Amino acid sequence: MKLNNIKYWALAAVLGINLSSCDDFLDRPAEDSYNVDNFYQNDEQCFQGVNPLYNSPWFDFQRGFFKVGEVLAGNYYWGSSPYLTFTVNGTDEDLINMSYSLWSVNAYANTIRERLLSATVSDQTKNTCIGECLVWKAMAYFYLVRTFGAVPIVHSNSSDIAEGNYNEKYKVQIPDVYEYIVMTLEKAIELLPPSNSEGRIDQYTAKGLLAKVYLTKSGYGMNGSRNEDDLRQAAAYAKDVIDNSGRHLLENYSDVFRLANNFNEECLLSWHWSASSDAWTCQNALQSDLAITGFDEFGDCWGGYNGPSVDLQDAFGENALSPTRYNGDARRKATMMMCGDVYEYFWQDKGGFNYINFIYDTDNLGGPGTYQSATGANEVKQLYGNANDHLTATGVSASSQHSQLSTHLLRLSDVYLIYAEAVIGNNGSTTDASAIDAFYQVRHRAISTYERPSVITWEDVWKERRLELACEGDRWYDYVRLSYYDPQRAIDELTNQRRDVYYGLDDLYKTYYQTGTFTVNPEEHRYNPTAVKPNVTISSFTLPFPTEDVVFNPHLMEDPIHVDVRSEYSY
């Protein structure tokens, strides 16, 4: 972690302001109008102080969030990326940015919380704002421990700065880091209200996240089974959210990811971005990385050569070497574009977006003219569409690498599946009616013909999580928690994925576009027969620290220490 920059981040966070001014949903104080002594004087200022935690310090995590969560997991093909081949090292730019971003979130959360403690406002406002800080802090640590393993605990920036030991921090053992996350979320639950303003964190956000933390930590240090107490806690917190939060799944799965539904009730925790063209780090920039060349008017899309993996298509029962889509699972089309797909919610001013027509009709639609994707699919979930789509949904114009499409980190459907898996526990299956109902609601929304089963298995839930949460930056962390107690299964699954490319797709699709005929020549149109399996080992489930951090703090190369976090730290 870049603790040599902890002073910089802490100073930037003193007022809870960003390094640049942002607007819209997350109003901020003007940088030149306030200082430490004259801010946090009323409720509005307190919420403005917390607002940056919903986007700015997370900005440099975006690309790593997707590459680790989806490329490393085998859900997404990204060219020659080291995340595809399990060859990431400490000099990787995305790894570095991701690490620094997570530590900056922690610095923001720590410093804003400390300023709020002395704020002259109502207890309700103070508690709510501090609770929001603690949830974001817990989320940052949840990513850190699942990505890097044992990590230092930075509980107070001001204390570390005063002591001058911010480059002498020792890693803390993984169980202790999880206990610190649990402690942080327990305090957040104590402080947060049952409901909050639209799009903001509330008590059930913290409970849903805590359920996921318990499910994850339940397998650590175990051998083939999971800790029963942790599983019971995961089930209890998830059931509380399901029964008492008042939230429901949206009727239409794809609506969850549309701009107009940025603050929908299904999403418990999200990054909420601003499209302000003069503000950098407040915006969602993922469309540029993931969309096909020409997808918007700004010339900022370069992601067409990558796309959802062949293995993920297999999981959905789809085949890129066919023009006919199965479409039995609504999540497939909402996750990946394939030959034959038309989207009414993209390019609404042009009558919708026809995937294959766009690619080859260069005269009228401005597509690339050749089929770019190496896998037969392109991304959908993280895209907002064109300028008109953005303006229609938000009333605000998008611009180059700037959108305000929310990035959802924890959804109610995830909590349903957490509950089902926690109830199954170490038994392999369950006939528990409430667990089956939770699973059924998720699957039936996607597959209208699906009938309620009488029993569900761990395998059912494992596969369902992949389909439900695909391309949302989460799948790798399922493999990490699986590696805690069944590493060989995790290794075998990753090793045997179809993570490589198809040959001849441009020829196949162009002929289909021009003539309406779809003729597969097995010698020309095929999955790479010489695809190399990745070298996955138990060490693959922990990514290295950035090299620069190890240089500044050699303790990061030493064995982690045990810390009794509940006696050492308090809120």
# chains A, B, ... in the order shown; residues from 1 in each chain; ligands from 1
>>> select_by_dssp(residues="stretch 41-196 of chain A", states="strand (DSSP E or B)", output="number ranges by chain")
A: 76-77, 151, 172
>>> write_last_selection(atoms="all heavy atoms", output="PDB file, in the first residue's frame")
ATOM      1  N   TYR A  76     -14.246 -13.166 -18.871  1.00  0.00           N
ATOM      2  CA  TYR A  76     -14.022 -12.127 -19.873  1.00  0.00           C
ATOM      3  C   TYR A  76     -12.659 -12.318 -20.514  1.00  0.00           C
ATOM      4  O   TYR A  76     -11.667 -12.581 -19.816  1.00  0.00           O
ATOM      5  CB  TYR A  76     -14.109 -10.745 -19.216  1.00  0.00           C
ATOM      6  CG  TYR A  76     -14.471  -9.620 -20.164  1.00  0.00           C
ATOM      7  CD1 TYR A  76     -15.795  -9.334 -20.446  1.00  0.00           C
ATOM      8  CD2 TYR A  76     -13.486  -8.838 -20.766  1.00  0.00           C
ATOM      9  CE1 TYR A  76     -16.154  -8.302 -21.298  1.00  0.00           C
ATOM     10  CE2 TYR A  76     -13.827  -7.811 -21.623  1.00  0.00           C
ATOM     11  CZ  TYR A  76     -15.156  -7.540 -21.888  1.00  0.00           C
ATOM     12  OH  TYR A  76     -15.507  -6.518 -22.742  1.00  0.00           O
ATOM     13  N   TYR A  77     -12.628 -12.195 -21.822  1.00  0.00           N
ATOM     14  CA  TYR A  77     -11.371 -12.279 -22.575  1.00  0.00           C
ATOM     15  C   TYR A  77     -10.836 -10.871 -22.810  1.00  0.00           C
ATOM     16  O   TYR A  77     -11.550 -10.006 -23.322  1.00  0.00           O
ATOM     17  CB  TYR A  77     -11.612 -12.971 -23.914  1.00  0.00           C
ATOM     18  CG  TYR A  77     -10.389 -12.995 -24.816  1.00  0.00           C
ATOM     19  CD1 TYR A  77      -9.410 -13.973 -24.659  1.00  0.00           C
ATOM     20  CD2 TYR A  77     -10.213 -12.034 -25.806  1.00  0.00           C
ATOM     21  CE1 TYR A  77      -8.286 -13.984 -25.467  1.00  0.00           C
ATOM     22  CE2 TYR A  77      -9.092 -12.041 -26.624  1.00  0.00           C
ATOM     23  CZ  TYR A  77      -8.126 -13.010 -26.447  1.00  0.00           C
ATOM     24  OH  TYR A  77      -7.015 -13.020 -27.248  1.00  0.00           O
ATOM     25  N   VAL A 151      -3.003  -7.972   4.968  1.00  0.00           N
ATOM     26  CA  VAL A 151      -2.682  -6.570   4.684  1.00  0.00           C
ATOM     27  C   VAL A 151      -2.564  -5.808   6.003  1.00  0.00           C
ATOM     28  O   VAL A 151      -3.080  -6.254   7.034  1.00  0.00           O
ATOM     29  CB  VAL A 151      -3.761  -5.905   3.800  1.00  0.00           C
ATOM     30  CG1 VAL A 151      -3.767  -6.491   2.399  1.00  0.00           C
ATOM     31  CG2 VAL A 151      -5.144  -6.012   4.444  1.00  0.00           C
ATOM     32  N   VAL A 172      -1.309  -7.874   8.704  1.00  0.00           N
ATOM     33  CA  VAL A 172      -2.079  -8.513   9.774  1.00  0.00           C
ATOM     34  C   VAL A 172      -2.680  -9.797   9.224  1.00  0.00           C
ATOM     35  O   VAL A 172      -3.115  -9.852   8.066  1.00  0.00           O
ATOM     36  CB  VAL A 172      -3.172  -7.559  10.289  1.00  0.00           C
ATOM     37  CG1 VAL A 172      -4.083  -8.258  11.292  1.00  0.00           C
ATOM     38  CG2 VAL A 172      -2.534  -6.316  10.907  1.00  0.00           C
TER      39      VAL A 172
END
>>> closest_atom_pairs(of="stretch 371-443 of chain A", to="stretch 41-55 of chain A", cutoff="12 Å", atoms="only C-alpha atoms", output="CSV")
residue,atom,partner,partner_atom,distance
A:Gln404,CA,A:Asn55,CA,10.1
A:Leu405,CA,A:Asn55,CA,11.4
A:Ser406,CA,A:Asn55,CA,9.5
A:Thr407,CA,A:Asn55,CA,9.6
A:His408,CA,A:Tyr54,CA,11.1
A:Leu409,CA,A:Tyr54,CA,11.3
>>> write_last_selection(atoms="C-alpha atoms", output="tab-separated table (two decimals), in the first residue's frame")
chain	number	residue	atom	x	y	z
A	404	GLN	CA	-22.87	8.57	-14.56
A	405	LEU	CA	-24.00	4.99	-14.95
A	406	SER	CA	-23.89	3.59	-11.42
A	407	THR	CA	-21.67	0.58	-10.73
A	408	HIS	CA	-23.52	-1.84	-8.46
A	409	LEU	CA	-21.36	-3.66	-5.92
>>> closest_residue(among="A:Trp273, A:Trp302, A:Tyr141, A:Phe61", to="A:Val396", atoms="only C-alpha atoms")
A:Trp273
>>> residues_around(residues="A:Gly131", least_positions_apart="3", cutoff="8 Å", atoms="only C-alpha atoms", output="list in words")
Asn127, Thr128, Leu134, Val135, Lys187, Ala188, Ile189, Leu191 and Leu192 of chain A
>>> write_last_selection(atoms="C-alpha atoms", output="PDB file, in the first residue's frame")
ATOM      1  CA  ASN A 127     -24.355   8.784  13.070  1.00  0.00           C
ATOM      2  CA  THR A 128     -25.680   8.291   9.550  1.00  0.00           C
ATOM      3  CA  LEU A 134     -17.581   2.772   7.937  1.00  0.00           C
ATOM      4  CA  VAL A 135     -19.381   0.767   5.262  1.00  0.00           C
ATOM      5  CA  LYS A 187     -20.563  -0.409  14.285  1.00  0.00           C
ATOM      6  CA  ALA A 188     -22.037   0.797  11.017  1.00  0.00           C
ATOM      7  CA  ILE A 189     -25.216  -1.208  11.667  1.00  0.00           C
ATOM      8  CA  LEU A 191     -25.205   3.902  13.629  1.00  0.00           C
ATOM      9  CA  LEU A 192     -27.137   3.715  10.359  1.00  0.00           C
TER      10      LEU A 192
END
>>> closest_residue(among="A:Tyr371, A:Ala260, A:Gly352, A:Asp437", to="A:Thr392", atoms="only C-alpha atoms")
A:Ala260
